[in-house]
Structure formats: structure tokens, C-alpha cells
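Student: Below you'll find the structure I mean.
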Amino acid sequence: MSLLEAVRVGRVFPIDGPQKRFEALKDVSIHLEAGESVGVLGESGSGKSTLAAIFGGLDRPTSGQVLYKGRDIATLKGGDWKCFRQSVQYIFQDPKAAMNPYFTLRQVLMEPLKVNRKELSKAQMVELVEDMTARVGLPTSILSRHPDEVSGGQAQRIITARVLLLEPEVIIADECVSALDLSIQAQIINLLRRIRSATGASFLFISHDADLVRYFCDRSYVMLHGRIVEELGQDLSASAKSEYTRMLLGGL
Amino acid sequence: MRRRGNPSLFIGLILTLLVASLGIIGVLHSPYDPEAMNLMQRFNGPSLEHPFGTDHFGRDMLSRVMMASGTALSSALVSVTLGALAGIALGTLAALAPRWLSTLVMRLVDALMAFPTILLALMAAAIFGRGLLPSVLAVCISMVPSFSRLTQAMVMEGRERLSIKAARAYGAPAWRIVIFHMFPPVLTRLVTQFTSAIGGAVLLESSLSFLGLGVQPPSASLGMMLSEARAYLLTYPWQVLPSGITLLVLVLGLNLLGDGLGSLLTRRSADGL
């Protein structure tokens, strides 16, 4: 039984225009085991982000199911849903937009604790937040700033800290470094690798960058027009069979 | 980055408070009865007894300006508040309702927007008679479209925002998302819009009373005082100044205040809210 699994998932969006509907995902099946890092590789518009949203329960599939430890997440209720919600967390592409601009970074980090760890006292929460800030490599003095007063790399570290505070089993990183400079990209990726070995969390790593996927993932899927076209091992190009995958690996 | 200083907020606040305090003092105590005529004192320029001079009926113009400022501000506040509430309700409805209903609501709002306010005021006057009430009603209705469009756009955009998706992802309950994540940027915009709309409403109410559709004599309103003074523009030009300058200061002050509040409150919104 996989930790998290998508079974023949489809997602259709109603749109304006002659077709009336747009199939963002067609019959997609992927699985993620505990402690594993899986890449999803594809061009923009291939359905990667839709898959990410559905895989973590932010969006509902129009067909098929998502199974968390063997149970369909559409049937989870109350405590079970909260538990699932807490154990699958997201790191988004644009870290600043993923924070409330009216919050200080301290408030940004406190909110998930206030929502999910009500048993903690305020002082314990502050301590957790400050520890975690240090762990992602930021000084605690930064916490009194607002999201528009820090750099993109610092913001992505804060988002990473926010995710880690909930001790998730699965982290879905949707193009989490694409908006950053190359040198900062490397810093964040290495931070994620350190976290992975420290916490044993599983990663669904979504990217259009084959090099990043090769560096970060144990295996990966290639998506095209809402379908999985190929599954690759750690060494992407060696196992690539289809024409499209070779073109993608060569071209990017 | 923190911006240092905010001159439009500062100047706007001072100008607005200046006229507002005139109005408030006028309600509590005015130097003369604003409606008392004294035909011996017609067309007197400014003096110690009458700092703003007297008009064609010998009425003290300071007292009249005080009364008129109070009326202008309070009627603008009432009409904009009611218009904004209706607009916010319609906008929220249009953003959340099924497609056919939201299209219906927004096309109605468009139709309202295309309707000239003066015509609206004429219709209101035809139904309710002339006076303050129909002009407040007309101004109130004319405020609905801008507020409903703003609210609709902000609610629709807010639902798609990444920070809200993120808050859902870490399990924030709906009430928390609405109060802490959706409301603040909307409130910011609405406060700004509200302040500028009051300026617009003051001007609109003055134009209506200038045309004789608003406050009726012998009460005082800024627009009506201007219209009365117009008859004596060549022989006693002083008469247009008290009401004209008050109106100018008030509308300028409110617009500057709106701008200043806007830049004060939106500086946090790096993601282009």
C-alpha cells in the first residue's frame, strides 16, 4: 500500500469557448511511497499543477480517486481529514504570494500552529517558530518583517519552515525554486535535501527542469497534455524511451 | 519598503477636519441664525461682526456656510454608507452566485452606471418632491455601481489567491480565512474608495442643490448658496467666495485623504492587491 496514490485521476474544467470543457488530467495514476522523492517533469500547461492540487486534496478530481494510506481522501471526514490535511503540505512557486501580506513573518509561521496544534501554549509556539527559523538558516530577527520586506530566497525558506512546523509526511513542491535566482535555487534545493534526510518526509517534486529533478528525485514521471507518458528511474536520460522524453531532457 | 511621510494624508486630513469642524460647531452653536434675514445688512463684505460677510438677504454667511457644511458632510456620509452597503452586498452576491444570477446582477449594475445621476435625481424629485431626501437617494444609488464592481472583483480575485490556497493547505478554517486573509485587502480598498466617494457625493449633492433639486430654501447648502450668489456675481462678487471656497477645500481635502489612506494602507500588499 502506497503512502499517497492517485488512481486513474481525471480533471475536467468547464471553460468558455466551443469545446466548453478542458481536460487538464486524463487517466493519471501515480504513487508515492514513504520516504521517497518522486519528480513530475513536464512543460507548462501539461497538467502538473492540477495534479499537485489534486494529489494534496486542494482540488477534487472529476474522475478517479486519491488514496491516502489506502483510503479514498474524498471519504475522509472530521479528524481523519484534518490528519490528512496536516500530513500533506505544499511549497509553492511564488513564496511571497503564498503569505498574507498583512502578516509579519512571525504571524505567518504561527498561524499553522494556532490552527493545528491548539494544545500548545503561546510560549511553546514561539519557541517552535524560532527554532524552525534557525533550522532553515534565517536569523530570528527577520520574523518581525513583512513578506514584502524580504528576498525571494528568504521567503521560500520561511515557507519551508511553515511546512516543516506541521511535521508533514508528504511535501508537495510545485516549481518551488523556479522563481528564484540560480544560486538561491541551489541553496533551497540543498535545504530541502537536508530536511529530507533529517525528517524522512516524502516529496512530490514538480518541475520543468530536468537537472533539478535528476538531482533531487529517486524516480520521476513525465507528463504531456495531461497524461503520464513515461516513468523514469533516477538517471533520467538512460531510461528514457519515448521521443518526447528525450526531446524534453535534451531541450531543457 | 516603508515610505516616509504621507503629505496627501496629512493635508487631506487637515482640510477635511477644518470643514468638518465648521459643520460640527455650526450644529452646536452658530454666531447668527443662518436663516434670519436682515435687510439693513444686505451685501456687506467681511467685517468683525460677519467674518464671511452677508448675502442678498442680509444673512450671516459664516453661519450659513457652517450649516451647509454640516448638511453636505452628513448627507454625503449617509448616502455613501447606504450606497456602499448595497454595492458591497450586490458585489458579493455577484461574485458567489451561480453564473446566470451574477450576470443578471452585473448587467443591472452596468445599466445603473450608464444612467446619469442628474436624471436620477430629477426622477427622485418627481416621486418624492424636492428636498434633501431625494437628492440623498439619487446620490446613494449612483454610488452602488463602483462599490459593487470593486467588491465583486476583489472577492473573485481573493478566492484564487495563492496565500488563500496556502492557508487552506495548512488547514485554516473558513472563518479564519475570511477574517484574516480575505478581509484585510478588501477593507483597505473599500476604505479608500469610501473616502473618495464621500468627496464625489459632496460634489454631486452640491450640483443637485445648485440646480434646485436638493436642499430647499431657506435652509443652506453649498450648491444652493453658489447658485444664489451667481445672480450677484457682477455687483457683489464676494458672495460666491465663502461657499465656493468651502466646497473646494472640502472636496480637495477628501480626495487627498482618500489618496493618502490608499498609499498608507496598501503598502503591505506586495503581490499587487
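Letters A, B, ... mark the chains of the C-alpha cells in the order given; residue numbers begin at 1 per chain; ligand numbers begin at 1, in order shown.
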What lies within 12 Å of Glu5 of chain A using only C-alpha atoms, ignoring chain neighbours under 5 positions off, as a VMD selection string?

Tutor: chain A and resid 28 to 34 38 51 to 52 54 to 57 64 to 73 170 204

Student: May I have the selected residues written with N, CA and C atoms, as a PDB file, in the first residue's frame?

Tutor:
```pdb
ATOM      1  N   VAL A  28      -4.667   9.711 -14.975  1.00  0.00           N
ATOM      2  CA  VAL A  28      -3.320   9.766 -14.410  1.00  0.00           C
ATOM      3  C   VAL A  28      -3.226   8.874 -13.169  1.00  0.00           C
ATOM      4  N   SER A  29      -2.267   7.967 -13.165  1.00  0.00           N
ATOM      5  CA  SER A  29      -2.022   7.146 -11.983  1.00  0.00           C
ATOM      6  C   SER A  29      -0.572   7.324 -11.559  1.00  0.00           C
ATOM      7  N   ILE A  30      -0.379   7.804 -10.326  1.00  0.00           N
ATOM      8  CA  ILE A  30       0.979   7.865  -9.796  1.00  0.00           C
ATOM      9  C   ILE A  30       0.942   7.412  -8.343  1.00  0.00           C
ATOM     10  N   HIS A  31       2.085   7.011  -7.816  1.00  0.00           N
ATOM     11  CA  HIS A  31       2.106   6.645  -6.400  1.00  0.00           C
ATOM     12  C   HIS A  31       3.377   7.151  -5.753  1.00  0.00           C
ATOM     13  N   LEU A  32       3.288   7.348  -4.446  1.00  0.00           N
ATOM     14  CA  LEU A  32       4.395   7.903  -3.680  1.00  0.00           C
ATOM     15  C   LEU A  32       4.547   7.052  -2.425  1.00  0.00           C
ATOM     16  N   GLU A  33       5.745   6.478  -2.242  1.00  0.00           N
ATOM     17  CA  GLU A  33       5.970   5.625  -1.070  1.00  0.00           C
ATOM     18  C   GLU A  33       6.585   6.453   0.054  1.00  0.00           C
ATOM     19  N   ALA A  34       6.529   5.920   1.262  1.00  0.00           N
ATOM     20  CA  ALA A  34       7.105   6.635   2.409  1.00  0.00           C
ATOM     21  C   ALA A  34       8.603   6.829   2.195  1.00  0.00           C
ATOM     22  N   VAL A  38       9.683  11.754  -5.553  1.00  0.00           N
ATOM     23  CA  VAL A  38       9.248  11.465  -6.911  1.00  0.00           C
ATOM     24  C   VAL A  38       9.120  12.768  -7.677  1.00  0.00           C
ATOM     25  N   LEU A  51      -2.372  18.384 -11.110  1.00  0.00           N
ATOM     26  CA  LEU A  51      -2.099  17.122 -10.435  1.00  0.00           C
ATOM     27  C   LEU A  51      -1.655  17.377  -8.993  1.00  0.00           C
ATOM     28  N   ALA A  52      -0.798  18.391  -8.808  1.00  0.00           N
ATOM     29  CA  ALA A  52      -0.320  18.712  -7.459  1.00  0.00           C
ATOM     30  C   ALA A  52      -1.483  19.079  -6.550  1.00  0.00           C
ATOM     31  N   ILE A  54      -4.636  18.262  -6.822  1.00  0.00           N
ATOM     32  CA  ILE A  54      -5.496  17.112  -6.548  1.00  0.00           C
ATOM     33  C   ILE A  54      -4.803  16.120  -5.617  1.00  0.00           C
ATOM     34  N   PHE A  55      -3.514  15.943  -5.824  1.00  0.00           N
ATOM     35  CA  PHE A  55      -2.761  14.959  -5.043  1.00  0.00           C
ATOM     36  C   PHE A  55      -2.754  15.320  -3.554  1.00  0.00           C
ATOM     37  N   GLY A  56      -2.782  16.613  -3.268  1.00  0.00           N
ATOM     38  CA  GLY A  56      -2.767  17.033  -1.868  1.00  0.00           C
ATOM     39  C   GLY A  56      -4.139  17.405  -1.329  1.00  0.00           C
ATOM     40  N   GLY A  57      -5.208  17.156  -2.117  1.00  0.00           N
ATOM     41  CA  GLY A  57      -6.551  17.400  -1.620  1.00  0.00           C
ATOM     42  C   GLY A  57      -7.004  18.846  -1.702  1.00  0.00           C
ATOM     43  N   GLY A  64     -11.828   9.198 -11.000  1.00  0.00           N
ATOM     44  CA  GLY A  64     -10.723   8.550 -10.310  1.00  0.00           C
ATOM     45  C   GLY A  64     -10.664   8.936  -8.840  1.00  0.00           C
ATOM     46  N   GLN A  65      -9.626   8.434  -8.139  1.00  0.00           N
ATOM     47  CA  GLN A  65      -9.545   8.663  -6.696  1.00  0.00           C
ATOM     48  C   GLN A  65      -8.114   8.983  -6.284  1.00  0.00           C
ATOM     49  N   VAL A  66      -8.001   9.632  -5.132  1.00  0.00           N
ATOM     50  CA  VAL A  66      -6.700   9.779  -4.491  1.00  0.00           C
ATOM     51  C   VAL A  66      -6.752   8.989  -3.189  1.00  0.00           C
ATOM     52  N   LEU A  67      -5.799   8.065  -3.010  1.00  0.00           N
ATOM     53  CA  LEU A  67      -5.786   7.228  -1.813  1.00  0.00           C
ATOM     54  C   LEU A  67      -4.660   7.652  -0.888  1.00  0.00           C
ATOM     55  N   TYR A  68      -5.026   7.894   0.394  1.00  0.00           N
ATOM     56  CA  TYR A  68      -4.033   8.186   1.416  1.00  0.00           C
ATOM     57  C   TYR A  68      -3.984   6.985   2.351  1.00  0.00           C
ATOM     58  N   LYS A  69      -2.878   6.299   2.383  1.00  0.00           N
ATOM     59  CA  LYS A  69      -2.740   5.048   3.144  1.00  0.00           C
ATOM     60  C   LYS A  69      -3.890   4.090   2.824  1.00  0.00           C
ATOM     61  N   GLY A  70      -4.237   4.038   1.536  1.00  0.00           N
ATOM     62  CA  GLY A  70      -5.247   3.098   1.093  1.00  0.00           C
ATOM     63  C   GLY A  70      -6.677   3.569   1.204  1.00  0.00           C
ATOM     64  N   ARG A  71      -6.899   4.770   1.785  1.00  0.00           N
ATOM     65  CA  ARG A  71      -8.292   5.246   1.919  1.00  0.00           C
ATOM     66  C   ARG A  71      -8.531   6.423   0.979  1.00  0.00           C
ATOM     67  N   ASP A  72      -9.662   6.389   0.305  1.00  0.00           N
ATOM     68  CA  ASP A  72     -10.035   7.461  -0.623  1.00  0.00           C
ATOM     69  C   ASP A  72     -10.193   8.772   0.162  1.00  0.00           C
ATOM     70  N   ILE A  73      -9.439   9.821  -0.216  1.00  0.00           N
ATOM     71  CA  ILE A  73      -9.494  11.053   0.575  1.00  0.00           C
ATOM     72  C   ILE A  73     -10.845  11.754   0.469  1.00  0.00           C
ATOM     73  N   VAL A 170       4.238  14.122   3.699  1.00  0.00           N
ATOM     74  CA  VAL A 170       4.425  14.374   2.274  1.00  0.00           C
ATOM     75  C   VAL A 170       4.575  15.878   2.053  1.00  0.00           C
ATOM     76  N   LEU A 204       6.860  15.077  -3.441  1.00  0.00           N
ATOM     77  CA  LEU A 204       6.430  15.092  -4.832  1.00  0.00           C
ATOM     78  C   LEU A 204       6.997  16.376  -5.396  1.00  0.00           C
TER      79      LEU A 204
END
```

Student: With a distance threshold of 6 Å and counting only C-alpha atoms, extract the residues of chain A near chain B and express them as a list in words.

Tutor: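 The contacting residues on chain A are Ala97, Ala98, Met99, Asn100, Pro101, Tyr102, Pro112, Val115 and Asp148 of chain A.
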
Student: Would you save the residues of that selection, restricted to C-alpha atoms, as a CSV table (one decimal), in the first residue's frame?

Tutor:
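And here's selection15.csv as it stands now:
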```csv
chain,number,residue,atom,x,y,z
A,97,ALA,CA,2.2,35.4,-2.8
A,98,ALA,CA,1.7,32.3,-0.6
A,99,MET,CA,1.9,34.6,2.5
A,100,ASN,CA,-0.6,37.0,3.8
A,101,PRO,CA,0.9,40.4,3.0
A,102,TYR,CA,-0.6,41.9,6.2
A,112,PRO,CA,-0.4,26.8,11.2
A,115,VAL,CA,-4.8,26.1,13.7
A,148,ASP,CA,7.4,42.4,1.1
```

Student: Contacts of segment 135-139 of chain A at 10 Å or less, counting only C-alpha atoms, minus same-chain residues fewer than 3 places along, as a list in words?

Tutor: Val129, Glu130, Asp131, Met132, Ile142, Leu143, Gln154, Gln156, Arg157, Ile158, Ile159, Thr160, Ala161, Leu164, Ile188, Leu191, Leu192, Arg194 and Ile195 of chain A

Student: Keeping only C-alpha atoms, take the residues you just selected and write them out as a PDB file, in the first residue's frame.

Tutor:
```
ATOM      1  CA  VAL A 129       8.779  29.013  15.391  1.00  0.00           C
ATOM      2  CA  GLU A 130      12.158  30.446  16.389  1.00  0.00           C
ATOM      3  CA  ASP A 131      13.840  27.026  16.357  1.00  0.00           C
ATOM      4  CA  MET A 132      12.450  26.315  12.919  1.00  0.00           C
ATOM      5  CA  ILE A 142      13.732  38.545  10.415  1.00  0.00           C
ATOM      6  CA  LEU A 143      10.443  37.427  11.975  1.00  0.00           C
ATOM      7  CA  GLN A 154      14.323  34.211   2.341  1.00  0.00           C
ATOM      8  CA  GLN A 156      10.947  30.449   0.305  1.00  0.00           C
ATOM      9  CA  ARG A 157      12.862  29.488   3.462  1.00  0.00           C
ATOM     10  CA  ILE A 158      10.012  30.871   5.550  1.00  0.00           C
ATOM     11  CA  ILE A 159       7.510  28.851   3.529  1.00  0.00           C
ATOM     12  CA  THR A 160       9.668  25.775   4.041  1.00  0.00           C
ATOM     13  CA  ALA A 161       9.702  26.489   7.777  1.00  0.00           C
ATOM     14  CA  LEU A 164       8.027  21.770   8.456  1.00  0.00           C
ATOM     15  CA  ILE A 188      16.931  25.966  -1.355  1.00  0.00           C
ATOM     16  CA  LEU A 191      17.995  22.859   2.272  1.00  0.00           C
ATOM     17  CA  LEU A 192      15.202  20.555   1.092  1.00  0.00           C
ATOM     18  CA  ARG A 194      18.906  18.256   4.332  1.00  0.00           C
ATOM     19  CA  ILE A 195      15.337  18.335   5.562  1.00  0.00           C
TER      20      ILE A 195
END
```

Student: As an NGL selection string, which residues of segment 34-213 of chain A does DSSP assign to alpha helix (DSSP H)?

Tutor: :A and (48-55 or 78-87 or 105-116 or 122-135 or 152-165 or 182-199 or 210-213)

Student: Using only C-alpha atoms, which residues sit within 8 Å of Ala173 of chain A once same-chain residues fewer than 5 positions away are excluded, as a PyMOL selection string?

Tutor: chain A and resi 90-93+203-206
